[in-house]
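coords_9.cif follows (mmCIF, C-alpha atoms):
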data_upload
#
loop_
_atom_site.group_PDB
_atom_site.id
_atom_site.type_symbol
_atom_site.label_atom_id
_atom_site.label_comp_id
_atom_site.auth_asym_id
_atom_site.auth_seq_id
_atom_site.Cartn_x
_atom_site.Cartn_y
_atom_site.Cartn_z
ATOM 1 C CA MET A 1 -58.286 15.417 46.560
ATOM 2 C CA TRP A 2 -55.730 17.212 44.386
ATOM 3 C CA GLN A 3 -53.821 15.791 41.464
ATOM 4 C CA LYS A 4 -50.459 14.178 42.242
ATOM 5 C CA ASN A 5 -48.635 13.884 38.950
ATOM 6 C CA ILE A 6 -48.827 14.681 35.263
ATOM 7 C CA ASN A 7 -50.370 11.315 34.422
ATOM 8 C CA ASP A 8 -53.523 12.416 36.265
ATOM 9 C CA PHE A 9 -54.115 15.251 33.799
ATOM 10 C CA ASP A 10 -56.661 15.101 30.991
ATOM 11 C CA ARG A 11 -54.857 17.572 28.720
ATOM 12 C CA VAL A 12 -51.253 18.782 28.634
ATOM 13 C CA VAL A 13 -50.195 21.338 26.022
ATOM 14 C CA ALA A 14 -46.595 22.135 25.079
ATOM 15 C CA ILE A 15 -45.661 25.217 23.051
ATOM 16 C CA GLY A 16 -42.438 25.811 21.122
ATOM 17 C CA GLY A 17 -40.289 24.401 18.359
ATOM 18 C CA GLY A 18 -37.023 22.787 17.436
ATOM 19 C CA HIS A 19 -35.262 20.027 19.326
ATOM 20 C CA GLY A 20 -36.337 21.361 22.738
ATOM 21 C CA MET A 21 -40.004 20.998 21.927
ATOM 22 C CA GLY A 22 -39.426 17.525 20.518
ATOM 23 C CA ARG A 23 -37.638 16.548 23.719
ATOM 24 C CA VAL A 24 -40.587 17.582 25.901
ATOM 25 C CA LEU A 25 -43.075 15.813 23.666
ATOM 26 C CA SER A 26 -41.061 12.601 23.624
ATOM 27 C CA SER A 27 -40.696 12.640 27.421
ATOM 28 C CA LEU A 28 -44.480 12.985 27.792
ATOM 29 C CA SER A 29 -45.515 10.735 24.905
ATOM 30 C CA PHE A 30 -46.948 8.209 27.396
ATOM 31 C CA LEU A 31 -49.906 10.615 27.711
ATOM 32 C CA GLY A 32 -50.979 9.623 24.199
ATOM 33 C CA THR A 33 -53.982 11.562 22.934
ATOM 34 C CA ARG A 34 -53.956 13.690 26.097
ATOM 35 C CA LEU A 35 -50.790 15.462 24.870
ATOM 36 C CA THR A 36 -50.885 18.332 22.378
ATOM 37 C CA GLY A 37 -47.975 20.237 20.862
ATOM 38 C CA ILE A 38 -48.448 23.715 19.394
ATOM 39 C CA VAL A 39 -45.475 24.107 17.082
ATOM 40 C CA THR A 40 -43.735 27.245 15.801
ATOM 41 C CA THR A 41 -44.008 27.711 12.024
ATOM 42 C CA THR A 42 -41.839 30.780 11.329
ATOM 43 C CA ASP A 43 -38.474 29.149 10.515
ATOM 44 C CA ASP A 44 -36.901 30.433 7.288
ATOM 45 C CA GLY A 45 -33.609 28.528 7.216
ATOM 46 C CA GLY A 46 -32.360 25.323 5.598
ATOM 47 C CA SER A 47 -34.669 23.032 3.648
ATOM 48 C CA THR A 48 -37.697 24.617 5.295
ATOM 49 C CA GLY A 49 -36.649 28.107 4.210
ATOM 50 C CA ARG A 50 -36.088 27.023 0.621
ATOM 51 C CA LEU A 51 -39.547 25.469 0.479
ATOM 52 C CA ARG A 52 -41.119 28.564 2.001
ATOM 53 C CA LYS A 53 -39.554 30.812 -0.637
ATOM 54 C CA SER A 54 -40.601 28.641 -3.567
ATOM 55 C CA GLN A 55 -43.988 27.387 -2.340
ATOM 56 C CA GLU A 56 -45.237 30.132 0.031
ATOM 57 C CA CYS A 57 -46.060 27.556 2.694
ATOM 58 C CA ILE A 58 -45.737 27.386 6.468
ATOM 59 C CA ALA A 59 -42.427 26.214 7.940
ATOM 60 C CA TRP A 60 -42.545 22.431 8.153
ATOM 61 C CA GLY A 61 -39.146 21.733 9.756
ATOM 62 C CA ASP A 62 -40.075 21.972 13.447
ATOM 63 C CA LEU A 63 -43.269 19.990 12.890
ATOM 64 C CA ARG A 64 -41.264 17.278 11.130
ATOM 65 C CA ASN A 65 -38.717 17.174 13.948
ATOM 66 C CA CYS A 66 -41.437 16.860 16.594
ATOM 67 C CA LEU A 67 -43.157 14.090 14.658
ATOM 68 C CA ASN A 68 -39.860 12.237 14.375
ATOM 69 C CA GLN A 69 -39.183 12.455 18.122
ATOM 70 C CA LEU A 70 -42.636 11.037 18.844
ATOM 71 C CA VAL A 71 -42.002 7.891 16.810
ATOM 72 C CA THR A 72 -41.992 4.957 19.240
ATOM 73 C CA GLU A 73 -41.800 2.187 16.642
ATOM 74 C CA PRO A 74 -39.012 2.851 14.092
ATOM 75 C CA SER A 75 -39.955 1.690 10.610
ATOM 76 C CA ILE A 76 -39.084 2.188 6.965
ATOM 77 C CA GLY A 77 -41.709 4.944 6.984
ATOM 78 C CA SER A 78 -40.029 6.818 9.840
ATOM 79 C CA GLN A 79 -36.604 6.410 8.197
ATOM 80 C CA LEU A 80 -37.969 7.821 4.951
ATOM 81 C CA PHE A 81 -39.522 10.699 6.844
ATOM 82 C CA GLU A 82 -36.093 11.733 8.176
ATOM 83 C CA TYR A 83 -34.135 11.062 4.968
ATOM 84 C CA ARG A 84 -32.083 14.019 3.744
ATOM 85 C CA PHE A 85 -30.871 14.230 0.161
ATOM 86 C CA THR A 86 -27.163 14.671 -0.498
ATOM 87 C CA GLY A 87 -25.228 15.659 -3.607
ATOM 88 C CA ARG A 88 -25.290 18.945 -5.506
ATOM 89 C CA GLY A 89 -28.621 18.923 -7.334
ATOM 90 C CA GLU A 90 -31.812 20.806 -6.567
ATOM 91 C CA LEU A 91 -32.796 18.214 -3.962
ATOM 92 C CA ALA A 92 -29.483 18.466 -2.091
ATOM 93 C CA GLY A 93 -30.083 19.378 1.550
ATOM 94 C CA HIS A 94 -33.847 18.858 1.363
ATOM 95 C CA ASN A 95 -35.471 16.635 3.967
ATOM 96 C CA LEU A 96 -37.925 14.131 2.535
ATOM 97 C CA GLY A 97 -40.266 14.622 5.498
ATOM 98 C CA ASN A 98 -40.606 18.319 4.668
ATOM 99 C CA LEU A 99 -41.397 17.426 1.050
ATOM 100 C CA MET A 100 -43.949 14.815 2.130
ATOM 101 C CA LEU A 101 -45.730 17.289 4.406
ATOM 102 C CA LEU A 102 -45.733 19.912 1.650
ATOM 103 C CA ALA A 103 -47.111 17.441 -0.907
ATOM 104 C CA LEU A 104 -49.859 16.318 1.461
ATOM 105 C CA ASP A 105 -50.635 19.949 2.270
ATOM 106 C CA ASN A 106 -51.160 20.590 -1.454
ATOM 107 C CA LEU A 107 -53.511 17.599 -1.622
ATOM 108 C CA CYS A 108 -55.441 18.419 1.560
ATOM 109 C CA VAL A 109 -57.787 21.211 2.541
ATOM 110 C CA ARG A 110 -55.651 22.260 5.524
ATOM 111 C CA PRO A 111 -52.018 21.852 6.629
ATOM 112 C CA LEU A 112 -53.383 20.193 9.777
ATOM 113 C CA ASP A 113 -54.825 17.408 7.631
ATOM 114 C CA ALA A 114 -51.321 16.686 6.277
ATOM 115 C CA ILE A 115 -49.940 16.423 9.820
ATOM 116 C CA ARG A 116 -52.711 14.052 10.857
ATOM 117 C CA LEU A 117 -52.077 11.787 7.865
ATOM 118 C CA ILE A 118 -48.358 11.554 8.689
ATOM 119 C CA SER A 119 -49.179 10.979 12.381
ATOM 120 C CA ASP A 120 -51.408 8.065 11.418
ATOM 121 C CA MET A 121 -48.731 6.651 9.119
ATOM 122 C CA LEU A 122 -46.103 6.807 11.890
ATOM 123 C CA HIS A 123 -48.535 5.615 14.629
ATOM 124 C CA ILE A 124 -48.220 8.825 16.661
ATOM 125 C CA ALA A 125 -50.984 9.358 19.232
ATOM 126 C CA PRO A 126 -50.309 12.910 20.555
ATOM 127 C CA SER A 127 -51.713 15.807 18.523
ATOM 128 C CA LEU A 128 -49.350 18.192 16.764
ATOM 129 C CA LEU A 129 -50.782 21.533 15.689
ATOM 130 C CA PRO A 130 -49.113 24.334 13.733
ATOM 131 C CA MET A 131 -49.357 27.629 15.620
ATOM 132 C CA SER A 132 -51.016 28.992 12.459
ATOM 133 C CA GLU A 133 -51.937 27.431 9.144
ATOM 134 C CA HIS A 134 -50.967 30.631 7.341
ATOM 135 C CA PRO A 135 -47.382 31.579 6.370
ATOM 136 C CA THR A 136 -45.836 34.353 8.431
ATOM 137 C CA ASP A 137 -42.368 35.590 9.346
ATOM 138 C CA LEU A 138 -40.872 36.631 12.648
ATOM 139 C CA CYS A 139 -39.913 40.311 12.735
ATOM 140 C CA ALA A 140 -37.523 41.876 15.261
ATOM 141 C CA HIS A 141 -37.695 45.562 16.174
ATOM 142 C CA THR A 142 -34.300 46.820 17.298
ATOM 143 C CA VAL A 143 -33.522 49.605 19.765
ATOM 144 C CA CYS A 144 -32.272 51.650 16.790
ATOM 145 C CA GLY A 145 -35.684 51.475 15.124
ATOM 146 C CA ASP A 146 -34.756 48.915 12.453
ATOM 147 C CA GLN A 147 -36.969 45.974 11.532
ATOM 148 C CA ILE A 148 -35.225 42.648 10.904
ATOM 149 C CA LEU A 149 -37.313 40.079 9.050
ATOM 150 C CA GLY A 150 -36.785 36.338 9.385
ATOM 151 C CA GLU A 151 -35.398 34.006 12.036
ATOM 152 C CA VAL A 152 -32.055 33.518 10.290
ATOM 153 C CA SER A 153 -31.388 37.273 10.249
ATOM 154 C CA ILE A 154 -32.644 37.708 13.822
ATOM 155 C CA ASP A 155 -30.231 35.040 15.074
ATOM 156 C CA GLN A 156 -27.386 37.111 13.632
ATOM 157 C CA LEU A 157 -28.192 40.182 15.740
ATOM 158 C CA THR A 158 -25.485 41.128 18.234
ATOM 159 C CA THR A 159 -27.953 42.366 20.863
ATOM 160 C CA PRO A 160 -31.504 41.332 21.793
ATOM 161 C CA PRO A 161 -34.273 43.190 19.953
ATOM 162 C CA ARG A 162 -36.612 45.644 21.644
ATOM 163 C CA ALA A 163 -39.690 43.694 20.558
ATOM 164 C CA LEU A 164 -40.942 40.974 18.221
ATOM 165 C CA SER A 165 -43.943 40.741 15.918
ATOM 166 C CA LEU A 166 -45.341 38.574 13.137
ATOM 167 C CA ASN A 167 -45.456 39.807 9.541
ATOM 168 C CA PRO A 168 -48.109 39.436 8.296
ATOM 169 C CA VAL A 169 -50.481 39.093 11.229
ATOM 170 C CA VAL A 170 -52.156 35.672 10.957
ATOM 171 C CA PRO A 171 -54.826 33.801 12.936
ATOM 172 C CA ALA A 172 -53.967 30.969 15.300
ATOM 173 C CA THR A 173 -55.054 27.435 14.451
ATOM 174 C CA ARG A 174 -58.474 27.075 16.064
ATOM 175 C CA GLU A 175 -57.689 23.596 17.441
ATOM 176 C CA ALA A 176 -54.715 25.117 19.275
ATOM 177 C CA ILE A 177 -56.967 27.585 21.065
ATOM 178 C CA ASP A 178 -59.396 24.797 21.965
ATOM 179 C CA ALA A 179 -56.533 22.719 23.405
ATOM 180 C CA LEU A 180 -55.288 25.652 25.518
ATOM 181 C CA SER A 181 -58.760 26.332 26.872
ATOM 182 C CA GLN A 182 -59.016 22.708 28.058
ATOM 183 C CA ALA A 183 -55.444 22.351 29.357
ATOM 184 C CA ASP A 184 -54.505 21.292 32.882
ATOM 185 C CA MET A 185 -50.858 22.193 32.254
ATOM 186 C CA ILE A 186 -49.228 24.445 29.642
ATOM 187 C CA ILE A 187 -45.493 24.056 29.037
ATOM 188 C CA LEU A 188 -43.365 26.737 27.366
ATOM 189 C CA GLY A 189 -39.926 25.710 26.084
ATOM 190 C CA PRO A 190 -37.176 24.721 26.203
ATOM 191 C CA GLY A 191 -35.668 25.887 22.933
ATOM 192 C CA SER A 192 -34.527 29.020 21.158
ATOM 193 C CA PHE A 193 -36.204 31.694 23.218
ATOM 194 C CA LEU A 194 -36.759 34.373 20.573
ATOM 195 C CA THR A 195 -37.326 32.149 17.547
ATOM 196 C CA SER A 196 -39.027 29.021 18.939
ATOM 197 C CA ILE A 197 -40.809 29.919 22.178
ATOM 198 C CA MET A 198 -41.932 33.491 21.521
ATOM 199 C CA PRO A 199 -43.539 33.255 18.013
ATOM 200 C CA PRO A 200 -46.695 31.341 19.070
ATOM 201 C CA LEU A 201 -47.191 33.776 21.955
ATOM 202 C CA LEU A 202 -47.234 36.667 19.447
ATOM 203 C CA LEU A 203 -50.579 35.335 18.213
ATOM 204 C CA SER A 204 -53.091 37.327 20.235
ATOM 205 C CA GLU A 205 -55.526 34.385 20.492
ATOM 206 C CA VAL A 206 -52.813 32.136 21.942
ATOM 207 C CA ALA A 207 -51.712 34.736 24.497
ATOM 208 C CA GLU A 208 -55.321 35.399 25.522
ATOM 209 C CA ALA A 209 -56.107 31.681 25.812
ATOM 210 C CA ILE A 210 -53.149 31.141 28.158
ATOM 211 C CA ARG A 211 -54.011 34.267 30.151
ATOM 212 C CA GLY A 212 -57.575 33.061 30.684
ATOM 213 C CA SER A 213 -56.724 29.428 31.311
ATOM 214 C CA GLY A 214 -56.863 27.782 34.706
ATOM 215 C CA ALA A 215 -53.896 25.567 33.767
ATOM 216 C CA ILE A 216 -50.543 25.418 35.534
ATOM 217 C CA VAL A 217 -48.078 27.295 33.310
ATOM 218 C CA VAL A 218 -44.461 26.106 33.390
ATOM 219 C CA PHE A 219 -41.496 27.637 31.568
ATOM 220 C CA ILE A 220 -38.597 25.231 30.991
ATOM 221 C CA SER A 221 -35.360 27.132 30.474
ATOM 222 C CA ASN A 222 -32.416 25.933 28.431
ATOM 223 C CA LEU A 223 -29.604 24.127 30.205
ATOM 224 C CA VAL A 224 -26.877 26.172 28.511
ATOM 225 C CA ALA A 225 -26.826 29.704 27.102
ATOM 226 C CA GLU A 226 -27.866 30.086 23.473
ATOM 227 C CA ASN A 227 -25.714 31.491 20.734
ATOM 228 C CA GLY A 228 -26.986 34.752 19.273
ATOM 229 C CA PRO A 229 -29.022 37.549 20.856
ATOM 230 C CA ALA A 230 -31.207 35.301 23.037
ATOM 231 C CA GLY A 231 -28.092 34.146 24.884
ATOM 232 C CA LYS A 232 -27.754 37.659 26.296
ATOM 233 C CA LEU A 233 -31.173 37.558 27.938
ATOM 234 C CA THR A 234 -31.054 36.592 31.608
ATOM 235 C CA LEU A 235 -33.677 34.264 33.062
ATOM 236 C CA SER A 236 -35.369 37.332 34.569
ATOM 237 C CA HIS A 237 -35.450 39.028 31.165
ATOM 238 C CA GLN A 238 -37.008 35.932 29.603
ATOM 239 C CA HIS A 239 -39.583 35.781 32.397
ATOM 240 C CA ARG A 240 -40.468 39.419 31.745
ATOM 241 C CA TRP A 241 -40.836 38.839 27.981
ATOM 242 C CA LEU A 242 -43.174 35.910 28.591
ATOM 243 C CA GLU A 243 -45.370 37.659 31.126
ATOM 244 C CA GLU A 244 -45.657 40.748 28.930
ATOM 245 C CA ARG A 245 -47.435 38.454 26.488
ATOM 246 C CA ILE A 246 -49.468 36.135 28.722
ATOM 247 C CA GLY A 247 -50.040 38.262 31.814
ATOM 248 C CA GLN A 248 -48.186 39.228 34.966
ATOM 249 C CA GLY A 249 -47.995 36.384 37.466
ATOM 250 C CA ARG A 250 -49.125 33.844 34.867
ATOM 251 C CA ILE A 251 -45.912 31.792 35.035
ATOM 252 C CA ASP A 252 -46.449 29.379 37.918
ATOM 253 C CA ALA A 253 -43.035 27.724 37.761
ATOM 254 C CA ILE A 254 -39.698 28.031 35.974
ATOM 255 C CA LEU A 255 -37.709 24.816 35.649
ATOM 256 C CA ALA A 256 -34.028 25.722 35.474
ATOM 257 C CA PRO A 257 -30.651 24.077 36.078
ATOM 258 C CA GLU A 258 -29.055 24.401 39.493
ATOM 259 C CA CYS A 259 -26.498 26.961 38.291
ATOM 260 C CA HIS A 260 -29.150 29.671 37.828
ATOM 261 C CA GLY A 261 -29.249 32.402 40.446
ATOM 262 C CA ALA A 262 -32.233 34.740 40.193
ATOM 263 C CA PRO A 263 -33.374 35.950 43.656
ATOM 264 C CA GLU A 264 -36.205 37.965 42.133
ATOM 265 C CA LEU A 265 -37.706 34.723 40.753
ATOM 266 C CA GLN A 266 -37.540 32.647 43.922
ATOM 267 C CA HIS A 267 -41.347 32.609 44.144
ATOM 268 C CA CYS A 268 -41.530 30.441 41.019
ATOM 269 C CA LEU A 269 -38.016 29.124 40.378
ATOM 270 C CA VAL A 270 -37.568 25.347 40.615
ATOM 271 C CA GLN A 271 -33.940 24.310 40.237
ATOM 272 C CA ALA A 272 -32.987 20.744 39.442
ATOM 273 C CA SER A 273 -30.401 18.608 37.691
ATOM 274 C CA LEU A 274 -32.137 18.124 34.345
ATOM 275 C CA GLY A 275 -29.363 17.306 31.869
ATOM 276 C CA GLU A 276 -28.441 13.942 30.468
ATOM 277 C CA ALA A 277 -25.292 12.391 31.910
ATOM 278 C CA ALA A 278 -23.668 11.995 28.484
ATOM 279 C CA LEU A 279 -25.040 15.220 26.960
ATOM 280 C CA PRO A 280 -25.478 17.797 29.757
ATOM 281 C CA HIS A 281 -26.950 20.380 27.362
ATOM 282 C CA ARG A 282 -29.913 18.104 26.566
ATOM 283 C CA HIS A 283 -32.821 17.507 28.946
ATOM 284 C CA ASP A 284 -33.075 13.993 30.343
ATOM 285 C CA ARG A 285 -36.566 12.646 29.662
ATOM 286 C CA LEU A 286 -37.048 10.969 33.032
ATOM 287 C CA LYS A 287 -35.610 13.884 35.035
ATOM 288 C CA LEU A 288 -37.855 16.291 33.131
ATOM 289 C CA ARG A 289 -40.971 14.261 33.867
ATOM 290 C CA GLN A 290 -40.031 13.952 37.550
ATOM 291 C CA ALA A 291 -39.430 17.716 37.790
ATOM 292 C CA LEU A 292 -42.839 18.426 36.249
ATOM 293 C CA ASP A 293 -44.449 16.030 38.743
ATOM 294 C CA ALA A 294 -42.727 17.921 41.585
ATOM 295 C CA VAL A 295 -44.091 21.225 40.231
ATOM 296 C CA ILE A 296 -47.615 19.780 40.122
ATOM 297 C CA LEU A 297 -47.412 18.435 43.666
ATOM 298 C CA SER A 298 -46.123 21.772 44.975
ATOM 299 C CA TRP A 299 -48.732 23.791 43.056
ATOM 300 C CA TYR A 300 -51.677 21.818 44.415
ATOM 301 C CA ALA A 301 -50.224 21.812 47.917
ATOM 302 C CA GLU A 302 -49.936 25.626 47.829
ATOM 303 C CA ARG A 303 -53.464 25.955 46.476
ATOM 304 C CA ASP A 304 -54.773 23.651 49.213
ATOM 305 C CA LYS A 305 -52.893 25.652 51.852
ATOM 306 C CA ALA A 306 -54.356 28.904 50.547
ATOM 307 C CA GLY A 307 -57.779 27.411 51.127
#
As structure tokens:
Amino acid sequence: MWQKNINDFDRVVAIGGGHGMGRVLSSLSFLGTRLTGIVTTTDDGGSTGRLRKSQECIAWGDLRNCLNQLVTEPSIGSQLFEYRFTGRGELAGHNLGNLMLLALDNLCVRPLDAIRLISDMLHIAPSLLPMSEHPTDLCAHTVCGDQILGEVSIDQLTTPPRALSLNPVVPATREAIDALSQADMIILGPGSFLTSIMPPLLLSEVAEAIRGSGAIVVFISNLVAENGPAGKLTLSHQHRWLEERIGQGRIDAILAPECHGAPELQHCLVQASLGEAALPHRHDRLKLRQALDAVILSWYAERDKAG
């Protein structure tokens, strides 16, 4: 008897960063300890970027945002975690959650220990893992042969880069590879395609773990076009970028809004109304979960039909 919905799975892994990743995690938070997020750590803007330059640490911003969206019981602790300093002093613009994670990182053996301590404090059951526990930057290679270092600079490109890499090359967090090897479903996106979804896939161990996994792999596209170079990539281009990293035919389903037309992707394209009524650019939690359940049902039905 095949599985019927996502609640039947023992391990679901989501990969990405930013608000899109947080949205997926919050919509699946009912899975508790069966849910794992592998979070991008290459951001170099805002409070996170300032801390990276002065402390040579990983980017904490996306991890903080994901932790915040997983909070189910608001408290003074969760409010403190999201507090942002104002004014004109050195603390202006800094997020207290980023500073807390950095301080705990300095006190702990591993960055992952800092995340676990904050998760315990905020009563968060799902596991959040940095893609790597070593600082690295995203590097774009342009068609002209230039190399553009850092997410902020990459977002200012007028055309999509030819390729992406990490500088320096760093190892993936070993717990992330373990989670991928045990996953029943792996979710990529939504979020900034070049700067949130792609960076973890540039880690060779992550790409190989997905390629060798027996999990259903789902790519959730954005509901509206991005600003910057990623906004000029069609859904087919994004599909090609992903499969160049994780293997041809490895994307089992693409969840996209109904306005997308990509005949060449009909074998895996699942179109649905996924936006919130009040904020159409943001994925509705219930609609997203229902769409993932539909993908699971279809995938097992096709496998059963194939014998």
Axis-aligned box for range 6-25 of chain A, 8 Å per side, centre and edges in Å as AutoDock Vina command-line options:
--center_x -46.0 --center_y 18.6 --center_z 26.9 --size_x 37.4 --size_y 30.5 --size_z 34.8
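When all atoms listed in the file are used to measure the gap to Pro160 in chain A, the shortest distance among A:His267, A:Arg110, A:His94, A:His237 belongs to A:His237.
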### Message
Which residues are near Leu128 in chain A? Cut-off 8 Å, only C-alpha atoms, ignore same chain within fewer than 4 positions. Put them as a PyMOL selection string.
### Response
chain A and resi 36-39+63+67+115-116
### Message
Could you list, as a PyMOL selection string, every residue within 9 Å of range 172-185 of chain A, counting only C-alpha atoms and ignoring same-chain residues fewer than 6 positions away?
### Response
chain A and resi 6+9-14+36-38+112+129-134+200+203-206+209-210+212-218+296
#### Entry: Using only C-alpha atoms: which of A:Pro190, A:Ala114, A:Ala256, A:Asp43 has the shortest distance to Cys139 in chain A
A:Asp43
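Among the candidate residues A:Glu208, A:Cys108, A:Leu31, A:Lys53, the one lying nearest to Glu243 in chain A is A:Glu208, with distances computed using only C-alpha atoms.
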### Task
Check which residues satisfy the PyMOL selection byres ((chain A and resi 15-27) around 8) in the file shown, then give them as a ChimeraX atom specification.
/A:13-14,28-30,35,37-40,62-63,65-67,69-70,186-192,196-198,200,283,285-286,288-289
## Note on the structure
Pairwise distance, CA of Ala230 in chain A with CA of Arg162 in chain A, equals 11.8 Å
Written as a compact mmCIF listing (two decimals) with C-alpha atoms, in the coordinates of the input, which residues does the PyMOL selection byres ((chain A and resi 81) around 9) give for the file shown?
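Generated file (selection-v2.txt):
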# COMPACT_ATOMS: atom_id res chain seq x y z
CA ARG A 64 -41.26 17.28 11.13
CA ASN A 68 -39.86 12.24 14.38
CA ILE A 76 -39.08 2.19 6.96
CA GLY A 77 -41.71 4.94 6.98
CA SER A 78 -40.03 6.82 9.84
CA GLN A 79 -36.60 6.41 8.20
CA LEU A 80 -37.97 7.82 4.95
CA GLU A 82 -36.09 11.73 8.18
CA TYR A 83 -34.14 11.06 4.97
CA ARG A 84 -32.08 14.02 3.74
CA ASN A 95 -35.47 16.64 3.97
CA LEU A 96 -37.92 14.13 2.54
CA GLY A 97 -40.27 14.62 5.50
CA ASN A 98 -40.61 18.32 4.67
CA MET A 100 -43.95 14.82 2.13
### Task
Run the PyMOL selection byres ((chain A and resi 271) around 7) against the file shown and list the residues it catches, as an NGL selection string.
:A and (255-258 or 269-270 or 272)
#### Entry: Distance criterion (all atoms listed in the file): nearest to Leu233 in chain A out of A:Gly49, A:Pro111, A:Pro161, A:Pro263
A:Pro161
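For the atom pair formed by CA of Pro135 in chain A and CA of Glu56 in chain A, the distance is 6.8 Å, given to one decimal.
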### Query
Suppose you want the space between CA of Leu274 in chain A and CA of Phe193 in chain A; what is it in Å?
18.0 Å
### Query
Using all atoms listed in the file, which residue out of A:Pro126, A:Trp299, A:Gly46, A:Asp120 lies closest to Ala92 in chain A?
A:Gly46
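When all atoms listed in the file are used to compute distances to Leu99 in chain A, the closest of the residues A:Ala163, A:Leu202, A:Leu265, A:Ile118 turns out to be A:Ile118.
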### Non-local contacts of Ala207 in chain A (7 Å; all atoms listed in the file; under 4 positions in same chain excluded) as a list in words
Leu201, Leu203, Arg211, Arg245 and Ile246 of chain A
